[in-house]
Structure formats: structure tokens, C-alpha cells
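Undergrad: Provided below: protein-v4.pdb, containing PDB, C-alpha atoms, pLDDT in the B column.
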```pdb
ATOM      1  CA  TYR D   1      -4.992  -4.347  -2.680  1.00 91.00           C
ATOM      2  CA  VAL D   2      -5.411  -1.074  -0.783  1.00 94.00           C
ATOM      3  CA  ILE D   3      -1.719  -0.906   0.121  1.00 96.00           C
ATOM      4  CA  LEU D   4      -0.642  -1.149  -3.514  1.00 96.00           C
ATOM      5  CA  LYS D   5      -3.449   1.193  -4.569  1.00 96.00           C
ATOM      6  CA  GLU D   6      -2.320   3.914  -2.162  1.00 96.00           C
ATOM      7  CA  LEU D   7       1.334   3.470  -3.118  1.00 97.00           C
ATOM      8  CA  SER D   8       0.352   3.808  -6.792  1.00 96.00           C
ATOM      9  CA  ILE D   9      -0.911   7.313  -6.007  1.00 95.00           C
ATOM     10  CA  LYS D  10       2.094   8.500  -4.010  1.00 94.00           C
ATOM     11  CA  GLU D  11       5.013   7.014  -2.114  1.00 94.00           C
ATOM     12  CA  GLN D  12       4.289   6.896   1.614  1.00 93.00           C
ATOM     13  CA  TYR D  13       5.915   6.045   4.897  1.00 90.00           C
ATOM     14  CA  GLY D  14       4.400   3.283   7.002  1.00 89.00           C
ATOM     15  CA  TYR D  15       2.613   5.253   9.724  1.00 90.00           C
ATOM     16  CA  TYR D  16       0.953   7.579   7.213  1.00 92.00           C
ATOM     17  CA  LEU D  17      -0.045   4.588   5.062  1.00 94.00           C
ATOM     18  CA  ILE D  18      -1.761   3.002   8.071  1.00 95.00           C
ATOM     19  CA  LYS D  19      -3.643   6.219   8.804  1.00 95.00           C
ATOM     20  CA  ILE D  20      -4.755   6.783   5.198  1.00 95.00           C
ATOM     21  CA  ILE D  21      -6.053   3.193   4.968  1.00 95.00           C
ATOM     22  CA  GLU D  22      -7.988   3.660   8.206  1.00 95.00           C
ATOM     23  CA  PHE D  23      -9.472   6.968   7.003  1.00 95.00           C
ATOM     24  CA  LYS D  24     -10.276   6.112   3.369  1.00 94.00           C
ATOM     25  CA  TYR D  25     -11.222   2.439   3.661  1.00 93.00           C
ATOM     26  CA  GLU D  26     -12.173   2.064   7.336  1.00 94.00           C
ATOM     27  CA  LEU D  27      -9.725  -0.830   7.547  1.00 93.00           C
ATOM     28  CA  PHE D  28      -7.580  -1.163  10.633  1.00 94.00           C
ATOM     29  CA  ILE D  29      -4.133  -2.663  10.205  1.00 93.00           C
ATOM     30  CA  SER D  30      -1.431  -2.917  12.837  1.00 93.00           C
ATOM     31  CA  GLU D  31       2.063  -1.687  12.172  1.00 91.00           C
ATOM     32  CA  SER D  32       3.436  -5.234  12.462  1.00 94.00           C
ATOM     33  CA  ALA D  33       0.846  -6.547   9.978  1.00 94.00           C
ATOM     34  CA  LEU D  34       1.645  -3.757   7.532  1.00 93.00           C
ATOM     35  CA  TYR D  35       5.363  -4.426   7.646  1.00 91.00           C
ATOM     36  CA  SER D  36       4.788  -8.170   7.282  1.00 95.00           C
ATOM     37  CA  ILE D  37       2.812  -7.500   4.089  1.00 95.00           C
ATOM     38  CA  ILE D  38       5.402  -4.969   2.884  1.00 95.00           C
ATOM     39  CA  SER D  39       8.168  -7.516   3.491  1.00 95.00           C
ATOM     40  CA  ARG D  40       6.314 -10.041   1.322  1.00 96.00           C
ATOM     41  CA  PHE D  41       5.715  -7.393  -1.351  1.00 96.00           C
ATOM     42  CA  LYS D  42       9.427  -6.496  -1.362  1.00 96.00           C
ATOM     43  CA  LYS D  43      10.393 -10.162  -1.862  1.00 96.00           C
ATOM     44  CA  GLN D  44       7.933 -10.342  -4.768  1.00 97.00           C
ATOM     45  CA  GLY D  45       9.369  -7.176  -6.317  1.00 97.00           C
ATOM     46  CA  LEU D  46       6.143  -5.199  -5.890  1.00 97.00           C
ATOM     47  CA  VAL D  47       7.437  -2.515  -3.521  1.00 97.00           C
ATOM     48  CA  LEU D  48      10.693  -0.633  -2.981  1.00 96.00           C
ATOM     49  CA  GLU D  49      11.763   1.243   0.124  1.00 93.00           C
ATOM     50  CA  ARG D  50      14.168   4.082   0.739  1.00 91.00           C
ATOM     51  CA  TRP D  51      15.258   6.039   3.776  1.00 91.00           C
ATOM     52  CA  VAL D  52      14.634   9.777   3.820  1.00 87.00           C
ATOM     53  CA  ILE D  53      16.444  11.948   6.339  1.00 87.00           C
ATOM     54  CA  ASN D  54      14.248  14.757   7.640  1.00 80.00           C
ATOM     55  CA  HIS D  55      15.528  18.044   8.972  1.00 81.00           C
ATOM     56  CA  VAL D  56      13.437  17.443  12.086  1.00 81.00           C
ATOM     57  CA  GLY D  57      12.961  14.061  13.723  1.00 78.00           C
ATOM     58  CA  LEU D  58      14.091  10.598  12.769  1.00 83.00           C
ATOM     59  CA  PRO D  59      14.665   9.276   9.234  1.00 86.00           C
ATOM     60  CA  ARG D  60      11.606   7.695   7.625  1.00 87.00           C
ATOM     61  CA  LYS D  61      11.402   4.649   5.428  1.00 89.00           C
ATOM     62  CA  TYR D  62       9.339   5.549   2.362  1.00 93.00           C
ATOM     63  CA  LEU D  63       7.568   2.880   0.345  1.00 95.00           C
ATOM     64  CA  ASP D  64       6.917   3.030  -3.379  1.00 96.00           C
ATOM     65  CA  ILE D  65       5.291   0.703  -5.900  1.00 97.00           C
ATOM     66  CA  THR D  66       7.395  -0.864  -8.667  1.00 97.00           C
ATOM     67  CA  PRO D  67       6.309  -1.442 -12.281  1.00 97.00           C
ATOM     68  CA  GLN D  68       5.673  -5.106 -11.325  1.00 98.00           C
ATOM     69  CA  GLY D  69       3.589  -3.833  -8.411  1.00 97.00           C
ATOM     70  CA  ARG D  70       1.504  -1.709 -10.785  1.00 97.00           C
ATOM     71  CA  LEU D  71       0.913  -4.719 -13.023  1.00 98.00           C
ATOM     72  CA  THR D  72      -0.099  -6.803 -10.004  1.00 97.00           C
ATOM     73  CA  LEU D  73      -2.414  -4.032  -8.800  1.00 97.00           C
ATOM     74  CA  ASN D  74      -4.077  -3.899 -12.219  1.00 97.00           C
ATOM     75  CA  ASN D  75      -4.579  -7.682 -12.188  1.00 96.00           C
ATOM     76  CA  MET D  76      -6.013  -7.489  -8.649  1.00 95.00           C
ATOM     77  CA  LYS D  77      -8.399  -4.747  -9.793  1.00 94.00           C
ATOM     78  CA  ILE D  78      -9.657  -6.899 -12.687  1.00 95.00           C
ATOM     79  CA  ILE D  79     -10.252  -9.859 -10.355  1.00 94.00           C
ATOM     80  CA  LEU D  80     -11.938  -7.679  -7.727  1.00 91.00           C
ATOM     81  CA  HIS D  81     -14.290  -6.124 -10.295  1.00 91.00           C
ATOM     82  CA  ALA D  82     -15.162  -9.583 -11.662  1.00 91.00           C
ATOM     83  CA  HIS D  83     -16.031 -10.800  -8.153  1.00 90.00           C
ATOM     84  CA  LEU D  84     -18.102  -7.702  -7.456  1.00 89.00           C
ATOM     85  CA  LYS D  85     -19.961  -8.201 -10.740  1.00 88.00           C
ATOM     86  CA  MET D  86     -20.705 -11.819  -9.813  1.00 87.00           C
ATOM     87  CA  LEU D  87     -22.028 -10.706  -6.437  1.00 86.00           C
ATOM     88  CA  GLY D  88     -24.176  -8.090  -8.138  1.00 82.00           C
ATOM     89  CA  ASP D  89     -25.624 -10.756 -10.416  1.00 74.00           C
ATOM     90  CA  LEU D  90     -26.841 -12.882  -7.475  1.00 66.00           C
TER      91      LEU D  90
END
```
Show this structure as C-alpha cells.
TA:
Amino acid sequence: YVILKELSIKEQYGYYLIKIIEFKYELFISESALYSIISRFKKQGLVLERWVINHVGLPRKYLDITPQGRLTLNNMKIILHAHLKMLGDL
């Protein structure tokens, strides 16, 4: 959920995405785990990637959410809010 949520705000490259998830959500994800999830998202049509050549340093692979990814994120948000409501009702 948080990966798609962050990509819905702005396209990111992997390392920065890991750091923003750690900072904002206090979730720790390894680079290999992130790219495993991204690979699955790409196969499902939820995420696109593109290489960007920087003037300094190595090229970076930027990740962006697709329209299908936005729809999936919205569905995830509805489910998450329903679960949180059920927990609140306990």
C-alpha cells in the first residue's frame, strides 16, 4: 500500500522510496524486497519504470504509478479503512 501511495504523489527512484517509507511510516524494507514487490507490480501493470541519466553519477531507474495502479491503490484504501473501522468497533 505505502509503495503505491508514495508513487501516487511523485515518481521516485528505489533508494529514495526506501528512505521515504522508513521516515514517514517507520517501516523498514530491504532493497531486494522493494524490487521484488516492484517486479510483481510491473507484471500486474501497476507500476512503470524508466531510466533517467543524471549529469552527475549513474543513471537512476525511476518508478511511477499507472492508472491501473491508482485504481488498485484506491481499492486498497477502501479495504484498509473498512478494516480499521472494524477494529475501532471492537
Undergrad: Can you list what the PyMOL selection byres ((chain D and resi 50) around 10) grabs from this structure, as a list of chain:residue names?
TA: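 Taken on the displayed file, the PyMOL selection byres ((chain D and resi 50) around 10) yields the residues D:Tyr13, D:Leu48, D:Glu49, D:Trp51, D:Val52, D:Ile53, D:Pro59, D:Arg60, D:Lys61, D:Tyr62, D:Leu63, D:Asp64.
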Undergrad: Report as a tab-separated table (two decimals) with C-alpha atoms, in the coordinates of the input the full result of the PyMOL selection byres ((chain D and resi 18) around 8) when it is applied to this structure.
TA:
```tsv
chain	number	residue	atom	x	y	z
D	14	GLY	CA	4.40	3.28	7.00
D	15	TYR	CA	2.61	5.25	9.72
D	16	TYR	CA	0.95	7.58	7.21
D	17	LEU	CA	-0.04	4.59	5.06
D	19	LYS	CA	-3.64	6.22	8.80
D	20	ILE	CA	-4.76	6.78	5.20
D	21	ILE	CA	-6.05	3.19	4.97
D	22	GLU	CA	-7.99	3.66	8.21
D	28	PHE	CA	-7.58	-1.16	10.63
D	29	ILE	CA	-4.13	-2.66	10.20
D	30	SER	CA	-1.43	-2.92	12.84
D	31	GLU	CA	2.06	-1.69	12.17
D	34	LEU	CA	1.64	-3.76	7.53
```
Undergrad: Check what the PyMOL selection byres ((chain D and resi 40-46) around 8) selects in the file above and give those residues as a list of chain:residue names.
TA: D:Ser36, D:Ile37, D:Ile38, D:Ser39, D:Val47, D:Leu48, D:Ile65, D:Thr66, D:Pro67, D:Gln68, D:Gly69, D:Arg70, D:Thr72
Undergrad: Report as lines of an AutoDock Vina configuration file the centre and the edge lengths, in Å to one decimal, of the axis-aligned box holding every listed atom of stretch 2-9 of chain D, padded by 3 Å on each side.
TA:
```
center_x = -2.0
center_y = 3.1
center_z = -3.3
size_x = 12.7
size_y = 14.5
size_z = 12.9
```
Undergrad: Just the number, please: distance in Å from atom CA of D:Gly88 to atom CA of D:Ile3, one decimal.
TA: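 Computing the Euclidean distance for atom CA of D:Gly88 and atom CA of D:Ile3 yields 25.0 Å.
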Undergrad: Could you rebuild stretch 73-84 of chain D with all heavy atoms and give it back as a tab-separated table (two decimals), in the coordinates of the input?
TA:
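Writing done, so here's result02.tsv:
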```
chain	number	residue	atom	x	y	z
D	73	LEU	N	-1.25	-4.81	-9.23
D	73	LEU	CA	-2.41	-4.03	-8.80
D	73	LEU	C	-3.49	-4.05	-9.88
D	73	LEU	O	-4.68	-4.24	-9.58
D	73	LEU	CB	-1.99	-2.59	-8.48
D	73	LEU	CG	-3.12	-1.62	-8.14
D	73	LEU	CD1	-3.87	-2.05	-6.89
D	73	LEU	CD2	-2.56	-0.21	-7.99
D	74	ASN	N	-3.11	-3.87	-11.12
D	74	ASN	CA	-4.08	-3.90	-12.22
D	74	ASN	C	-4.76	-5.26	-12.31
D	74	ASN	O	-5.98	-5.34	-12.49
D	74	ASN	CB	-3.39	-3.54	-13.53
D	74	ASN	CG	-4.40	-3.30	-14.63
D	74	ASN	OD1	-5.36	-2.57	-14.44
D	74	ASN	ND2	-4.18	-3.92	-15.78
D	75	ASN	N	-4.00	-6.33	-12.16
D	75	ASN	CA	-4.58	-7.68	-12.19
D	75	ASN	C	-5.53	-7.89	-11.01
D	75	ASN	O	-6.60	-8.50	-11.16
D	75	ASN	CB	-3.49	-8.75	-12.18
D	75	ASN	CG	-2.72	-8.79	-13.48
D	75	ASN	OD1	-3.21	-8.37	-14.52
D	75	ASN	ND2	-1.50	-9.28	-13.43
D	76	MET	N	-5.15	-7.39	-9.83
D	76	MET	CA	-6.01	-7.49	-8.65
D	76	MET	C	-7.32	-6.74	-8.88
D	76	MET	O	-8.39	-7.20	-8.49
D	76	MET	CB	-5.30	-6.92	-7.42
D	76	MET	CG	-4.12	-7.73	-6.95
D	76	MET	SD	-3.21	-6.81	-5.70
D	76	MET	CE	-3.60	-7.78	-4.26
D	77	LYS	N	-7.22	-5.57	-9.52
D	77	LYS	CA	-8.40	-4.75	-9.79
D	77	LYS	C	-9.36	-5.49	-10.73
D	77	LYS	O	-10.57	-5.48	-10.51
D	77	LYS	CB	-7.96	-3.42	-10.42
D	77	LYS	CG	-9.04	-2.39	-10.51
D	77	LYS	CD	-8.56	-1.12	-11.21
D	77	LYS	CE	-7.39	-0.50	-10.48
D	77	LYS	NZ	-6.95	0.78	-11.08
D	78	ILE	N	-8.82	-6.13	-11.74
D	78	ILE	CA	-9.66	-6.90	-12.69
D	78	ILE	C	-10.38	-8.03	-11.96
D	78	ILE	O	-11.58	-8.23	-12.14
D	78	ILE	CB	-8.79	-7.45	-13.85
D	78	ILE	CG1	-8.32	-6.29	-14.73
D	78	ILE	CG2	-9.55	-8.49	-14.66
D	78	ILE	CD1	-7.23	-6.65	-15.71
D	79	ILE	N	-9.65	-8.75	-11.11
D	79	ILE	CA	-10.25	-9.86	-10.36
D	79	ILE	C	-11.31	-9.34	-9.39
D	79	ILE	O	-12.41	-9.90	-9.29
D	79	ILE	CB	-9.16	-10.66	-9.62
D	79	ILE	CG1	-8.29	-11.40	-10.64
D	79	ILE	CG2	-9.76	-11.63	-8.61
D	79	ILE	CD1	-7.01	-11.97	-10.07
D	80	LEU	N	-10.99	-8.25	-8.69
D	80	LEU	CA	-11.94	-7.68	-7.73
D	80	LEU	C	-13.22	-7.24	-8.43
D	80	LEU	O	-14.33	-7.54	-7.97
D	80	LEU	CB	-11.30	-6.49	-7.00
D	80	LEU	CG	-12.16	-5.77	-5.99
D	80	LEU	CD1	-12.60	-6.70	-4.87
D	80	LEU	CD2	-11.41	-4.57	-5.42
D	81	HIS	N	-13.10	-6.57	-9.56
D	81	HIS	CA	-14.29	-6.12	-10.30
D	81	HIS	C	-15.11	-7.31	-10.80
D	81	HIS	O	-16.34	-7.25	-10.79
D	81	HIS	CB	-13.89	-5.21	-11.44
D	81	HIS	CG	-13.48	-3.85	-10.97
D	81	HIS	ND1	-13.42	-2.76	-11.79
D	81	HIS	CD2	-13.11	-3.39	-9.75
D	81	HIS	CE1	-13.04	-1.71	-11.11
D	81	HIS	NE2	-12.84	-2.07	-9.88
D	82	ALA	N	-14.44	-8.39	-11.21
D	82	ALA	CA	-15.16	-9.58	-11.66
D	82	ALA	C	-15.95	-10.20	-10.50
D	82	ALA	O	-17.11	-10.60	-10.68
D	82	ALA	CB	-14.18	-10.60	-12.25
D	83	HIS	N	-15.33	-10.25	-9.33
D	83	HIS	CA	-16.03	-10.80	-8.15
D	83	HIS	C	-17.21	-9.92	-7.75
D	83	HIS	O	-18.28	-10.42	-7.42
D	83	HIS	CB	-15.07	-10.96	-6.97
D	83	HIS	CG	-14.15	-12.12	-7.11
D	83	HIS	ND1	-14.56	-13.43	-7.08
D	83	HIS	CD2	-12.80	-12.16	-7.28
D	83	HIS	CE1	-13.52	-14.23	-7.23
D	83	HIS	NE2	-12.44	-13.48	-7.36
D	84	LEU	N	-17.01	-8.61	-7.80
D	84	LEU	CA	-18.10	-7.70	-7.46
D	84	LEU	C	-19.26	-7.82	-8.45
D	84	LEU	O	-20.44	-7.76	-8.07
D	84	LEU	CB	-17.60	-6.26	-7.40
D	84	LEU	CG	-16.67	-5.95	-6.23
D	84	LEU	CD1	-16.09	-4.54	-6.37
D	84	LEU	CD2	-17.37	-6.12	-4.89
```
